[in-house]
>>> print(open('query-v8.txt').read())   # compact mmCIF, C-alpha atoms
# COMPACT_ATOMS: atom_id res chain seq x y z
CA MET A 1 -6.82 -0.23 -35.49
CA SER A 2 -8.45 -3.16 -33.68
CA LYS A 3 -9.15 -2.99 -29.97
CA PRO A 4 -6.91 -4.98 -27.64
CA ILE A 5 -8.52 -8.18 -26.35
CA VAL A 6 -8.58 -8.63 -22.58
CA SER A 7 -8.83 -12.14 -21.11
CA PHE A 8 -9.05 -13.21 -17.47
CA LEU A 9 -7.68 -15.87 -15.10
CA VAL A 10 -9.81 -16.35 -11.98
CA SER A 11 -10.32 -18.71 -9.07
CA GLY A 12 -13.33 -17.33 -7.23
CA ARG A 13 -16.21 -14.88 -7.15
CA GLY A 14 -14.86 -12.62 -9.89
CA SER A 15 -15.73 -9.22 -8.45
CA ASN A 16 -12.65 -7.55 -9.97
CA PHE A 17 -13.31 -9.33 -13.26
CA LYS A 18 -16.84 -7.90 -13.23
CA ALA A 19 -15.60 -4.39 -12.39
CA ILE A 20 -13.32 -4.45 -15.45
CA ALA A 21 -15.78 -6.20 -17.78
CA ASP A 22 -18.47 -3.62 -16.95
CA LYS A 23 -16.16 -0.78 -17.99
CA ILE A 24 -15.29 -2.58 -21.24
CA VAL A 25 -18.95 -3.17 -22.07
CA GLN A 26 -19.75 0.47 -21.26
CA GLY A 27 -17.00 1.62 -23.64
CA TYR A 28 -14.98 3.34 -20.90
CA ILE A 29 -12.12 0.93 -21.57
CA ASN A 30 -11.27 0.76 -25.27
CA ALA A 31 -10.96 -3.02 -25.47
CA GLY A 32 -12.79 -6.21 -26.36
CA LEU A 33 -13.70 -9.03 -23.99
CA GLY A 34 -11.74 -12.20 -24.61
CA ILE A 35 -12.21 -15.36 -22.56
CA LEU A 36 -12.25 -16.33 -18.90
CA ILE A 37 -10.32 -19.30 -17.51
CA SER A 38 -10.75 -20.72 -14.02
CA ASP A 39 -8.80 -23.36 -12.14
CA LYS A 40 -11.86 -23.97 -9.94
CA LYS A 41 -14.92 -25.76 -11.29
CA ASP A 42 -17.31 -23.92 -8.96
CA ALA A 43 -15.91 -20.39 -9.43
CA LYS A 44 -18.78 -17.89 -9.55
CA ALA A 45 -16.85 -15.93 -12.17
CA LEU A 46 -17.67 -18.65 -14.72
CA ASP A 47 -21.36 -17.79 -14.42
CA ILE A 48 -20.65 -14.05 -14.58
CA ALA A 49 -18.70 -14.53 -17.82
CA GLY A 50 -21.75 -16.13 -19.36
CA SER A 51 -23.80 -13.02 -18.61
CA TYR A 52 -21.42 -11.06 -20.87
CA GLY A 53 -21.65 -13.66 -23.63
CA MET A 54 -18.01 -14.61 -23.03
CA ASP A 55 -16.56 -18.05 -23.54
CA SER A 56 -15.39 -19.43 -20.20
CA PHE A 57 -13.36 -22.52 -19.40
CA PHE A 58 -12.57 -24.63 -16.35
CA VAL A 59 -9.06 -25.94 -16.95
CA ASP A 60 -8.53 -28.55 -14.25
CA PRO A 61 -4.94 -28.49 -12.90
CA GLY A 62 -5.40 -32.06 -11.69
CA LEU A 63 -5.48 -33.38 -15.25
CA TYR A 64 -1.91 -32.32 -16.02
CA ILE A 65 1.42 -33.78 -14.95
CA SER A 66 2.99 -30.38 -14.25
CA ARG A 67 2.14 -26.73 -13.77
CA GLU A 68 3.71 -25.97 -17.14
CA GLU A 69 1.52 -28.51 -18.95
CA HIS A 70 -1.54 -26.98 -17.30
CA GLU A 71 -0.44 -23.54 -18.46
CA LYS A 72 0.18 -24.79 -22.00
CA ALA A 73 -3.50 -25.76 -22.14
CA MET A 74 -4.47 -22.27 -20.96
CA ILE A 75 -2.13 -20.57 -23.42
CA LYS A 76 -3.70 -22.52 -26.27
CA LEU A 77 -7.11 -21.10 -25.34
CA LEU A 78 -5.75 -17.59 -24.80
CA LYS A 79 -4.03 -17.59 -28.19
CA LYS A 80 -7.16 -18.83 -29.92
CA ALA A 81 -9.00 -15.85 -28.40
CA ASP A 82 -6.26 -13.45 -29.66
CA SER A 83 -5.64 -12.22 -26.11
CA ASP A 84 -3.49 -9.08 -25.87
CA LEU A 85 -3.72 -8.60 -22.11
CA ILE A 86 -4.14 -11.20 -19.36
CA ILE A 87 -5.79 -10.13 -16.10
CA THR A 88 -5.30 -12.27 -13.00
CA ALA A 89 -8.36 -11.39 -10.93
CA GLY A 90 -8.24 -13.45 -7.78
CA TYR A 91 -6.31 -16.21 -9.53
CA MET A 92 -4.77 -18.23 -6.71
CA ARG A 93 -2.08 -20.12 -8.62
CA VAL A 94 1.42 -18.73 -9.09
CA LEU A 95 2.22 -18.52 -12.79
CA THR A 96 5.43 -20.22 -13.90
CA PRO A 97 8.26 -18.43 -15.72
CA TYR A 98 7.12 -20.31 -18.84
CA PHE A 99 3.74 -18.55 -18.83
CA VAL A 100 5.17 -15.18 -17.80
CA LYS A 101 7.69 -15.28 -20.65
CA LYS A 102 4.92 -16.01 -23.18
CA TYR A 103 3.06 -12.88 -22.08
CA LYS A 104 5.90 -10.67 -20.86
CA ASN A 105 4.60 -7.31 -19.62
CA LYS A 106 1.09 -8.34 -20.68
CA ILE A 107 -0.15 -9.87 -17.42
CA ILE A 108 -1.59 -7.57 -14.76
CA ASN A 109 -2.52 -8.53 -11.21
CA ILE A 110 -4.05 -6.73 -8.26
CA HIS A 111 -2.79 -7.29 -4.73
CA PRO A 112 -4.76 -6.26 -1.59
CA ALA A 113 -1.81 -4.50 0.08
CA LEU A 114 0.63 -1.70 -0.66
CA LEU A 115 3.48 -3.54 -2.34
CA PRO A 116 6.32 -4.19 -1.85
CA SER A 117 4.97 -4.66 1.70
CA PHE A 118 2.96 -7.78 2.52
CA PRO A 119 3.32 -9.86 -0.68
CA GLY A 120 1.88 -13.33 -1.07
CA THR A 121 -1.42 -14.61 0.27
CA ASN A 122 -3.68 -12.74 2.70
CA GLY A 123 -2.10 -9.32 2.18
CA GLN A 124 -4.92 -7.60 4.07
CA LYS A 125 -4.47 -9.87 7.09
CA GLN A 126 -0.71 -9.43 7.08
CA ALA A 127 -1.13 -5.64 7.15
CA PHE A 128 -3.92 -5.75 9.73
CA ASP A 129 -1.96 -8.04 12.05
CA LYS A 130 1.04 -5.70 11.83
CA GLY A 131 -1.10 -2.80 12.98
CA VAL A 132 -0.45 -0.56 9.99
CA LYS A 133 -2.25 2.79 9.96
CA ILE A 134 -2.50 2.91 6.16
CA ALA A 135 -3.44 -0.14 4.08
CA GLY A 136 -4.44 -0.35 0.43
CA CYS A 137 -4.04 -2.18 -2.86
CA THR A 138 -1.64 -2.32 -5.79
CA THR A 139 -1.89 -3.13 -9.49
CA HIS A 140 1.31 -4.48 -11.01
CA PHE A 141 2.72 -6.39 -13.94
CA ILE A 142 3.49 -10.02 -13.14
CA ASP A 143 7.09 -11.18 -13.34
CA ASP A 144 8.84 -14.36 -12.20
CA GLY A 145 8.58 -13.46 -8.50
CA THR A 146 5.64 -13.36 -6.10
CA ASP A 147 4.09 -9.88 -6.26
CA THR A 148 7.44 -8.40 -7.28
CA GLY A 149 6.59 -7.03 -10.74
CA PRO A 150 6.60 -3.34 -11.72
CA ILE A 151 3.97 -1.36 -9.80
CA ILE A 152 1.37 0.46 -11.88
CA MET A 153 -1.18 2.05 -9.53
CA GLN A 154 -1.86 2.11 -5.80
CA ALA A 155 -4.73 3.27 -3.61
CA THR A 156 -4.57 3.85 0.14
CA VAL A 157 -7.12 3.01 2.80
CA GLU A 158 -6.97 4.44 6.32
CA VAL A 159 -7.14 1.81 9.05
CA LYS A 160 -9.69 2.87 11.66
CA GLU A 161 -9.43 2.08 15.36
CA ASN A 162 -12.60 -0.01 15.28
CA ASP A 163 -11.74 -1.87 12.09
CA THR A 164 -12.01 -5.62 11.87
CA LEU A 165 -10.17 -7.59 9.22
CA GLU A 166 -13.49 -7.95 7.40
CA SER A 167 -14.35 -4.23 7.43
CA LEU A 168 -10.86 -3.26 6.31
CA SER A 169 -10.85 -5.88 3.54
CA SER A 170 -14.21 -4.62 2.33
CA ARG A 171 -12.94 -1.04 1.97
CA ILE A 172 -9.76 -2.24 0.26
CA LEU A 173 -11.91 -4.19 -2.22
CA GLU A 174 -13.84 -1.00 -3.04
CA GLU A 175 -10.55 0.64 -4.01
CA GLU A 176 -9.52 -2.42 -6.03
CA HIS A 177 -12.68 -2.01 -8.10
CA LYS A 178 -11.58 1.56 -8.88
CA ILE A 179 -7.88 1.22 -9.72
CA PHE A 180 -8.00 -2.11 -11.55
CA PRO A 181 -10.27 -0.84 -14.37
CA GLU A 182 -8.23 2.38 -14.52
CA THR A 183 -5.05 0.34 -14.89
CA VAL A 184 -6.55 -1.73 -17.70
CA LYS A 185 -7.70 1.46 -19.42
CA LEU A 186 -4.16 2.88 -19.27
CA PHE A 187 -2.73 -0.31 -20.76
CA CYS A 188 -5.31 -0.44 -23.55
CA ASP A 189 -4.73 3.25 -24.35
CA GLY A 190 -1.00 2.53 -24.70
CA LYS A 191 -0.08 4.82 -21.81
CA LEU A 192 2.09 2.44 -19.77
CA LYS A 193 5.82 2.12 -20.35
CA ILE A 194 8.30 0.13 -18.27
CA ILE A 195 11.76 1.64 -17.86
CA LYS A 196 14.24 -0.09 -15.53
CA ASN A 197 11.46 -1.96 -13.69
CA LYS A 198 9.48 1.25 -13.10
CA VAL A 199 6.15 1.95 -14.79
CA HIS A 200 5.83 5.37 -16.36
CA ILE A 201 2.35 6.65 -17.21
CA LYS A 202 2.33 8.77 -20.36
>>> encode(input="query-v8.txt", output="structure tokens")
Amino acid sequence: MSKPIVSFLVSGRGSNFKAIADKIVQGYINAGLGILISDKKDAKALDIAGSYGMDSFFVDPGLYISREEHEKAMIKLLKKADSDLIITAGYMRVLTPYFVKKYKNKIINIHPALLPSFPGTNGQKQAFDKGVKIAGCTTHFIDDGTDTGPIIMQATVEVKENDTLESLSSRILEEEHKIFPETVKLFCDGKLKIIKNKVHIK
């Protein structure tokens, strides 16, 4: 049986992409590397992809008349690469229902807060500004909402009295680099099942 192919959508530095790609290259995750697509021309992740010998693409949203047309261009590339799983690793564009339907229950995101609390942008800052005592991160399947899809894994981070937003965000990122590869491994091993919007781990 062939290994599932994992492809990535990114907008920035690609640290979560690298954390997952490393585990695939090492054989810890039973999968193959697909392609990487960025909506930002200067995303550092594009260079990182090259170090793995991956094909990477800058698909400029400004060249398309609608979000859906932009996504059609991405889907064409993803299909050509035989992508089985799409990872949004710091991808800052909200995917349309058109894209989500094409890859239903095959798109996984990580959010830097404990969902369903603090969805949307700047989850760490939202939590920090609220004065929470426990922060963290969440992996989840993407659905038509904003950070509303079925939750897969979560990791908690204690908020210390002397924490700054930067120090807290740094510790949350460390946990992201742990649970995101684990989540991808579970998917590729066929151990995730969604029943009534809840993820069950076999």
>>> closest_residue(input="query-v8.txt", among="A:Ile107, A:Met153, A:Leu186, A:Leu63", to="Ser7 in chain A", atoms="only C-alpha atoms")
A:Ile107
>>> atom_distance(input="query-v8.txt", atom1="CA of Ala135 in chain A", atom2="CA of Lys160 in chain A")
10.3 Å
>>> atom_distance(input="query-v8.txt", atom1="CA of Lys18 in chain A", atom2="CA of Leu115 in chain A")
23.5 Å
>>> closest_atom_pairs(input="query-v8.txt", of="range 124-189 of chain A", to="range 81-96 of chain A", cutoff="9 Å", atoms="only C-alpha atoms", output="tab-separated table")
residue	atom	partner	partner_atom	distance
A:Ile142	CA	A:Leu95	CA	8.6
A:Asp143	CA	A:Leu95	CA	8.8
A:Asp144	CA	A:Thr96	CA	7.0
A:Gly145	CA	A:Val94	CA	8.9
A:Thr146	CA	A:Val94	CA	7.5
A:Val184	CA	A:Ile87	CA	8.6
A:Phe187	CA	A:Leu85	CA	8.5
A:Cys188	CA	A:Leu85	CA	8.4
>>> closest_residue(input="query-v8.txt", among="A:Ile48, A:Met54, A:Pro181, A:Ile134", to="Glu158 in chain A", atoms="only C-alpha atoms")
A:Ile134
>>> residues_around(input="query-v8.txt", residues="Ala49 in chain A", least_positions_apart="6", cutoff="8 Å", atoms="all atoms listed in the file", output="PyMOL selection string")
chain A and resi 36+55-56
>>> residues_around(input="query-v8.txt", residues="Thr138 in chain A", least_positions_apart="5", cutoff="9 Å", atoms="only C-alpha atoms", output="PyMOL selection string")
chain A and resi 109-115+151-155+176+179-180
>>> atom_distance(input="query-v8.txt", atom1="CA of Ile5 in chain A", atom2="CA of Phe141 in chain A")
16.8 Å
>>> residues_near_point(input="query-v8.txt", point="(-10.6, -2.4, -9.1)", cutoff="9 Å", atoms="only C-alpha atoms", output="PyMOL selection string")
chain A and resi 15-17+19-20+110+139+173-183
>>> residues_near_point(input="query-v8.txt", point="(-6.6, -26.6, -11.6)", cutoff="12 Å", atoms="all atoms listed in the file", output="PyMOL selection string")
chain A and resi 9-11+37-43+57-71+73-74+91-94
>>> closest_residue(input="query-v8.txt", among="A:Lys102, A:Lys44, A:Lys185, A:Arg171", to="Gly32 in chain A", atoms="all atoms listed in the file")
A:Lys185
>>> closest_residue(input="query-v8.txt", among="A:Lys133, A:Ile75, A:Phe8, A:Asn162", to="Val100 in chain A", atoms="only C-alpha atoms")
A:Ile75
>>> closest_residue(input="query-v8.txt", among="A:Gly12, A:Pro150, A:Gly27, A:Gly131", to="Thr164 in chain A", atoms="all atoms listed in the file")
A:Gly131
>>> axis_aligned_box(input="query-v8.txt", around="range 74-84 of chain A", padding_each_side="5 Å", output="JSON")
{"center_x": -5.6, "center_y": -15.8, "center_z": -25.4, "size_x": 16.9, "size_y": 23.4, "size_z": 19.0}
>>> closest_residue(input="query-v8.txt", among="A:Phe118, A:Tyr103, A:Tyr52, A:Tyr98", to="Lys130 in chain A", atoms="all atoms listed in the file")
A:Phe118
